[in-house]
Amino acid sequence: MSADQQNSPHAEPGRPGAVRVGAVDCGTNSIRLLVAEGVPGEPGLTDVTREMRIIRLGEGVDATGRLSDGAIARCRTALADYTATMNEHGVQAVRMVATSATRDAANKTEFFDMTAEVLGEHFPGAVAEVISGQTEAELTFAGGVVDLDPERGPYVVTDLGGGSTEIVVGDLVDGEVKLLGARSTDVGCVRVTERYLHTDPPPGIEIREAQSGIAGVFSGVAGLPLGLASRWVGVAGTFTTLSALAQELETYDPERLHNSVVTLERMRDVCSRLVGTSVCERRALGPMHPGRADVIGGGALVASALCDLMAERAGLSELTVSEKDILDGIAMSVLGRLAG
């Protein structure tokens, strides 16, 4: 979930054979934790706690090719807290994945040494993995559709992150994910903001340049079988925030957001108005996380371009927004390893 922290009271696993697993997703903009409970070999996860922090790990990576000392320090602080939380909740196995920012960084060894040191305090041998775009797409799809009716597929799931956007077409067959096509694109809210949106609020020329750049990236997904999809699912904080704004919520409410449906017309309208506002104006919006306000204009431009793509290529007219995403897919993969 995209709220800062949503904790359940500490408790031992409630189901016979259940174990606690930890999933950490370290992206370009945020780092998130899920502690969940499940039975290895059986479907279903029960949340124990979710947390999210904006750490901006990818700040400046697009320009310098390196993770900054400040970004690594912010990540260390958050990860140390997450490791303590997992230990307190009796986590037996953990998986941490690192995505776009670390794939692009020249000094990623420094980052991985830090994660091994911090995680190793309670979970010997644990270290962050740089996952490929394909693996990222598979985990995103598995998490994004976990609460959806398989009879309503195939689905196209998009994860709009800080440095990349995953677009995955797939189906659920007898409870198993069947991928039909996937792309990981180098466009996200932080990357677009740093490349194109230098003024607050951005003038028309910057917005048009960003739109052109995004369109160029998405032209590379021509081979994806989007026309097979009967439903579009958007996951991660940009989409959930945009849904909250589309619903005119006064505060961020995960229950109102999970599996909410927004028409593409309404989503385009929200995106258009948001990109032209100042960071100060965005921070004043009730559902807006303060750490997301300076980059969500870039995210809105990506979301709007995706609306056009889904309408033109898949003939879809609405978006389903899910609070479940790659974090849930990571937790499911940990249970799978324990079962295997």
# chains A, B, ... in the order shown; residues from 1 in each chain; ligands from 1

call {"tool": "select_by_dssp", "arguments": {"residues": "range 79-322 of chain A", "states": "strand (DSSP E)", "output": "PyMOL selection string"}}
result
chain A and resi 93-98+129-130+155-160+165-173+176-185+231-235+260-263+318-322

call {"tool": "write_last_selection", "arguments": {"atoms": "N, CA and C atoms", "output": "tab-separated table (two decimals), in the first residue's frame"}}
result
chain	number	residue	atom	x	y	z
A	93	ALA	N	11.91	-16.12	6.22
A	93	ALA	CA	12.65	-16.00	4.96
A	93	ALA	C	12.32	-14.66	4.33
A	94	VAL	N	13.32	-14.06	3.70
A	94	VAL	CA	13.14	-12.72	3.13
A	94	VAL	C	13.74	-12.67	1.73
A	95	ARG	N	13.11	-11.88	0.88
A	95	ARG	CA	13.67	-11.59	-0.45
A	95	ARG	C	13.60	-10.10	-0.69
A	96	MET	N	14.72	-9.52	-1.08
A	96	MET	CA	14.78	-8.10	-1.41
A	96	MET	C	15.17	-7.96	-2.87
A	97	VAL	N	14.39	-7.20	-3.61
A	97	VAL	CA	14.74	-6.96	-5.00
A	97	VAL	C	14.99	-5.47	-5.21
A	98	ALA	N	15.89	-5.18	-6.12
A	98	ALA	CA	16.24	-3.81	-6.46
A	98	ALA	C	16.07	-3.67	-7.97
A	129	GLU	N	18.73	-8.42	-4.65
A	129	GLU	CA	18.95	-8.94	-6.00
A	129	GLU	C	18.61	-7.85	-7.01
A	130	VAL	N	19.46	-7.68	-8.01
A	130	VAL	CA	19.06	-6.86	-9.15
A	130	VAL	C	18.32	-7.79	-10.08
A	155	TYR	N	-5.32	-10.12	-18.79
A	155	TYR	CA	-5.09	-8.79	-18.25
A	155	TYR	C	-3.84	-8.17	-18.85
A	156	VAL	N	-3.81	-6.85	-18.87
A	156	VAL	CA	-2.56	-6.14	-19.08
A	156	VAL	C	-2.31	-5.36	-17.80
A	157	VAL	N	-1.16	-5.63	-17.18
A	157	VAL	CA	-0.79	-4.99	-15.91
A	157	VAL	C	0.37	-4.04	-16.17
A	158	THR	N	0.25	-2.82	-15.66
A	158	THR	CA	1.34	-1.85	-15.79
A	158	THR	C	1.76	-1.35	-14.42
A	159	ASP	N	3.06	-1.36	-14.19
A	159	ASP	CA	3.66	-0.86	-12.96
A	159	ASP	C	4.45	0.39	-13.34
A	160	LEU	N	3.92	1.55	-12.95
A	160	LEU	CA	4.55	2.82	-13.27
A	160	LEU	C	5.45	3.21	-12.10
A	165	THR	N	8.76	1.58	-16.40
A	165	THR	CA	7.36	1.16	-16.41
A	165	THR	C	7.30	-0.21	-17.05
A	166	GLU	N	6.73	-1.16	-16.31
A	166	GLU	CA	6.56	-2.52	-16.82
A	166	GLU	C	5.16	-2.65	-17.40
A	167	ILE	N	5.07	-3.26	-18.58
A	167	ILE	CA	3.79	-3.54	-19.23
A	167	ILE	C	3.75	-5.03	-19.49
A	168	VAL	N	2.79	-5.72	-18.89
A	168	VAL	CA	2.75	-7.17	-18.94
A	168	VAL	C	1.37	-7.64	-19.36
A	169	VAL	N	1.30	-8.50	-20.35
A	169	VAL	CA	0.05	-9.11	-20.77
A	169	VAL	C	0.08	-10.57	-20.35
A	170	GLY	N	-0.97	-11.02	-19.68
A	170	GLY	CA	-0.98	-12.39	-19.22
A	170	GLY	C	-2.36	-12.86	-18.83
A	171	ASP	N	-2.39	-14.09	-18.36
A	171	ASP	CA	-3.66	-14.71	-17.98
A	171	ASP	C	-3.41	-15.59	-16.77
A	172	LEU	N	-4.49	-15.99	-16.12
A	172	LEU	CA	-4.44	-16.95	-15.03
A	172	LEU	C	-5.10	-18.23	-15.49
A	173	VAL	N	-4.35	-19.32	-15.49
A	173	VAL	CA	-4.87	-20.61	-15.92
A	173	VAL	C	-4.67	-21.61	-14.79
A	176	GLU	N	-2.30	-20.59	-12.17
A	176	GLU	CA	-0.93	-20.32	-12.59
A	176	GLU	C	-0.89	-19.14	-13.55
A	177	VAL	N	0.16	-18.32	-13.44
A	177	VAL	CA	0.34	-17.18	-14.33
A	177	VAL	C	0.86	-17.65	-15.67
A	178	LYS	N	0.22	-17.22	-16.74
A	178	LYS	CA	0.67	-17.50	-18.09
A	178	LYS	C	0.92	-16.17	-18.79
A	179	LEU	N	2.20	-15.84	-18.94
A	179	LEU	CA	2.56	-14.57	-19.58
A	179	LEU	C	2.45	-14.68	-21.09
A	180	LEU	N	1.85	-13.67	-21.69
A	180	LEU	CA	1.68	-13.62	-23.14
A	180	LEU	C	2.62	-12.61	-23.79
A	181	GLY	N	3.21	-11.75	-22.97
A	181	GLY	CA	4.15	-10.76	-23.48
A	181	GLY	C	4.48	-9.76	-22.39
A	182	ALA	N	5.69	-9.23	-22.40
A	182	ALA	CA	6.10	-8.27	-21.36
A	182	ALA	C	7.20	-7.37	-21.89
A	183	ARG	N	7.18	-6.12	-21.44
A	183	ARG	CA	8.25	-5.16	-21.74
A	183	ARG	C	8.53	-4.34	-20.49
A	184	SER	N	9.80	-4.07	-20.26
A	184	SER	CA	10.21	-3.11	-19.24
A	184	SER	C	10.77	-1.90	-19.97
A	185	THR	N	10.16	-0.75	-19.79
A	185	THR	CA	10.55	0.46	-20.53
A	185	THR	C	11.24	1.45	-19.61
A	231	ARG	N	-8.87	-6.39	-19.76
A	231	ARG	CA	-8.90	-5.51	-18.60
A	231	ARG	C	-7.51	-4.96	-18.34
A	232	TRP	N	-7.43	-3.67	-18.04
A	232	TRP	CA	-6.16	-3.02	-17.73
A	232	TRP	C	-6.07	-2.79	-16.23
A	233	VAL	N	-4.94	-3.19	-15.64
A	233	VAL	CA	-4.71	-3.04	-14.21
A	233	VAL	C	-3.47	-2.19	-14.02
A	234	GLY	N	-3.58	-1.10	-13.25
A	234	GLY	CA	-2.45	-0.25	-12.91
A	234	GLY	C	-2.07	-0.43	-11.46
A	235	VAL	N	-0.77	-0.61	-11.21
A	235	VAL	CA	-0.30	-0.83	-9.84
A	235	VAL	C	0.79	0.19	-9.48
A	260	SER	N	-10.29	-0.21	-7.43
A	260	SER	CA	-11.14	0.89	-7.90
A	260	SER	C	-11.05	0.98	-9.42
A	261	VAL	N	-12.11	1.46	-10.05
A	261	VAL	CA	-12.18	1.56	-11.51
A	261	VAL	C	-12.35	3.02	-11.90
A	262	VAL	N	-11.49	3.49	-12.80
A	262	VAL	CA	-11.52	4.87	-13.28
A	262	VAL	C	-11.60	4.85	-14.80
A	263	THR	N	-12.50	5.62	-15.36
A	263	THR	CA	-12.56	5.68	-16.83
A	263	THR	C	-11.30	6.37	-17.36
A	318	GLU	N	-11.40	1.80	-19.54
A	318	GLU	CA	-11.29	2.04	-18.10
A	318	GLU	C	-10.05	1.36	-17.54
A	319	LEU	N	-9.67	1.80	-16.37
A	319	LEU	CA	-8.50	1.30	-15.66
A	319	LEU	C	-8.91	0.79	-14.30
A	320	THR	N	-8.45	-0.40	-13.94
A	320	THR	CA	-8.61	-0.92	-12.59
A	320	THR	C	-7.31	-0.68	-11.83
A	321	VAL	N	-7.40	-0.06	-10.67
A	321	VAL	CA	-6.21	0.26	-9.88
A	321	VAL	C	-6.12	-0.70	-8.70
A	322	SER	N	-4.97	-1.35	-8.57
A	322	SER	CA	-4.78	-2.34	-7.51
A	322	SER	C	-3.73	-1.88	-6.50

call {"tool": "residues_around", "arguments": {"residues": "Phe123 in chain A", "least_positions_apart": "4", "cutoff": "10 Å", "atoms": "only C-alpha atoms", "output": "number ranges by chain"}}
result
A: 83, 86-87, 91-94, 116-119, 127

call {"tool": "atom_distance", "arguments": {"atom1": "CA of Pro290 in chain A", "atom2": "CA of Arg76 in chain A"}}
result
20.7 Å

call {"tool": "residues_around", "arguments": {"residues": "range 280-282 of chain A", "least_positions_apart": "5", "cutoff": "10 Å", "atoms": "only C-alpha atoms", "output": "number ranges by chain"}}
result
A: 200-201, 274-275, 287-290, 292-294, 296-297

call {"tool": "closest_residue", "arguments": {"among": "A:Asp328, A:Ala314, A:Thr135, A:Glu323", "to": "Gly22 in chain A", "atoms": "only C-alpha atoms"}}
result
A:Asp328

call {"tool": "residues_around", "arguments": {"residues": "range 60-64 of chain A", "least_positions_apart": "3", "cutoff": "10 Å", "atoms": "only C-alpha atoms", "output": "PyMOL selection string"}}
result
chain A and resi 28+56-57+67-68+71+100-102+104-106+163+190-192+194-195

call {"tool": "atom_distance", "arguments": {"atom1": "CA of Thr140 in chain A", "atom2": "CA of Lys108 in chain A"}}
result
22.9 Å

call {"tool": "atom_distance", "arguments": {"atom1": "CA of Gln211 in chain A", "atom2": "CA of Ile326 in chain A"}}
result
26.4 Å

call {"tool": "residues_around", "arguments": {"residues": "Gly315 in chain A", "least_positions_apart": "6", "cutoff": "12 Å", "atoms": "only C-alpha atoms", "output": "number ranges by chain"}}
result
A: 226-232, 264, 307-309

call {"tool": "residues_around", "arguments": {"residues": "range 29-46 of chain A", "least_positions_apart": "3", "cutoff": "9 Å", "atoms": "only C-alpha atoms", "output": "PyMOL selection string"}}
result
chain A and resi 1-2+13-26+49-59+75+78-79+82+85-86+89+91+94+101+146+161-163+175+189-190+291-292+327-328+331-332+334-340

call {"tool": "write_last_selection", "arguments": {"atoms": "C-alpha atoms", "output": "PDB file, in the first residue's frame"}}
result
ATOM      1  CA  MET A   1       0.000   0.000   0.000  1.00  0.00           C
ATOM      2  CA  SER A   2       1.157   3.486  -0.625  1.00  0.00           C
ATOM      3  CA  PRO A  13       1.176 -17.215  12.511  1.00  0.00           C
ATOM      4  CA  GLY A  14      -2.478 -18.144  12.821  1.00  0.00           C
ATOM      5  CA  ARG A  15      -2.911 -21.054  10.373  1.00  0.00           C
ATOM      6  CA  PRO A  16      -1.454 -24.536  10.815  1.00  0.00           C
ATOM      7  CA  GLY A  17       1.742 -24.740   8.801  1.00  0.00           C
ATOM      8  CA  ALA A  18       1.797 -20.993   8.165  1.00  0.00           C
ATOM      9  CA  VAL A  19       5.072 -19.084   8.033  1.00  0.00           C
ATOM     10  CA  ARG A  20       5.971 -15.425   7.971  1.00  0.00           C
ATOM     11  CA  VAL A  21       7.856 -14.125   4.936  1.00  0.00           C
ATOM     12  CA  GLY A  22       9.351 -10.732   4.189  1.00  0.00           C
ATOM     13  CA  ALA A  23       9.420  -8.910   0.861  1.00  0.00           C
ATOM     14  CA  VAL A  24      11.387  -5.713   0.236  1.00  0.00           C
ATOM     15  CA  ASP A  25      11.077  -3.766  -3.007  1.00  0.00           C
ATOM     16  CA  CYS A  26      13.728  -1.092  -3.481  1.00  0.00           C
ATOM     17  CA  THR A  49       2.420  -5.276   7.954  1.00  0.00           C
ATOM     18  CA  ARG A  50       3.181  -2.962   5.013  1.00  0.00           C
ATOM     19  CA  GLU A  51       5.446   0.064   5.007  1.00  0.00           C
ATOM     20  CA  MET A  52       6.612   2.554   2.401  1.00  0.00           C
ATOM     21  CA  ARG A  53       9.206   5.323   2.475  1.00  0.00           C
ATOM     22  CA  ILE A  54      10.308   7.751  -0.195  1.00  0.00           C
ATOM     23  CA  ILE A  55      14.114   7.509  -0.336  1.00  0.00           C
ATOM     24  CA  ARG A  56      14.736   8.663  -3.947  1.00  0.00           C
ATOM     25  CA  LEU A  57      17.479   6.097  -4.505  1.00  0.00           C
ATOM     26  CA  GLY A  58      17.608   6.979  -8.191  1.00  0.00           C
ATOM     27  CA  GLU A  59      18.071  10.703  -7.643  1.00  0.00           C
ATOM     28  CA  CYS A  75      18.243   3.447   1.946  1.00  0.00           C
ATOM     29  CA  ALA A  78      15.039   2.519   5.988  1.00  0.00           C
ATOM     30  CA  LEU A  79      16.381  -0.993   5.443  1.00  0.00           C
ATOM     31  CA  TYR A  82      12.629  -2.849   7.977  1.00  0.00           C
ATOM     32  CA  THR A  85      10.494  -5.028  11.889  1.00  0.00           C
ATOM     33  CA  MET A  86      10.831  -8.362  10.081  1.00  0.00           C
ATOM     34  CA  HIS A  89       7.349 -10.243  13.409  1.00  0.00           C
ATOM     35  CA  VAL A  91       9.929 -13.594   9.524  1.00  0.00           C
ATOM     36  CA  VAL A  94      13.143 -12.722   3.129  1.00  0.00           C
ATOM     37  CA  ALA A 101      18.044   2.604 -10.287  1.00  0.00           C
ATOM     38  CA  VAL A 146      -3.865 -11.872  -7.134  1.00  0.00           C
ATOM     39  CA  GLY A 161       7.679   3.259 -11.182  1.00  0.00           C
ATOM     40  CA  GLY A 162      10.309   5.910 -10.674  1.00  0.00           C
ATOM     41  CA  GLY A 163      12.738   4.850 -13.379  1.00  0.00           C
ATOM     42  CA  GLY A 175      -4.176 -20.576 -10.633  1.00  0.00           C
ATOM     43  CA  CYS A 189       8.027   9.479 -12.870  1.00  0.00           C
ATOM     44  CA  VAL A 190      11.532  10.348 -11.593  1.00  0.00           C
ATOM     45  CA  GLY A 291       7.613  12.831  -1.132  1.00  0.00           C
ATOM     46  CA  ARG A 292       5.736  12.091  -4.341  1.00  0.00           C
ATOM     47  CA  LEU A 327       5.687  -6.568  -3.449  1.00  0.00           C
ATOM     48  CA  ASP A 328       2.973  -9.229  -3.244  1.00  0.00           C
ATOM     49  CA  ALA A 331       6.235 -12.489  -1.077  1.00  0.00           C
ATOM     50  CA  MET A 332       4.486 -15.187  -3.122  1.00  0.00           C
ATOM     51  CA  VAL A 334       9.361 -16.579  -1.160  1.00  0.00           C
ATOM     52  CA  LEU A 335       6.538 -18.949  -0.183  1.00  0.00           C
ATOM     53  CA  GLY A 336       7.104 -20.814  -3.427  1.00  0.00           C
ATOM     54  CA  ARG A 337      10.776 -21.305  -2.592  1.00  0.00           C
ATOM     55  CA  LEU A 338       9.892 -22.626   0.862  1.00  0.00           C
ATOM     56  CA  ALA A 339       7.459 -25.089  -0.707  1.00  0.00           C
ATOM     57  CA  GLY A 340       9.861 -26.231  -3.363  1.00  0.00           C
TER      58      GLY A 340
END

call {"tool": "select_by_dssp", "arguments": {"residues": "range 21-200 of chain A", "states": "helix (DSSP H, G or I)", "output": "PyMOL selection string"}}
result
chain A and resi 61-64+69-88+100-104+108-120+133-144+150-152+189-196

call {"tool": "closest_residue", "arguments": {"among": "A:Ala246, A:Leu197, A:Leu306, A:Ala222", "to": "Val279 in chain A", "atoms": "only C-alpha atoms"}}
result
A:Leu197
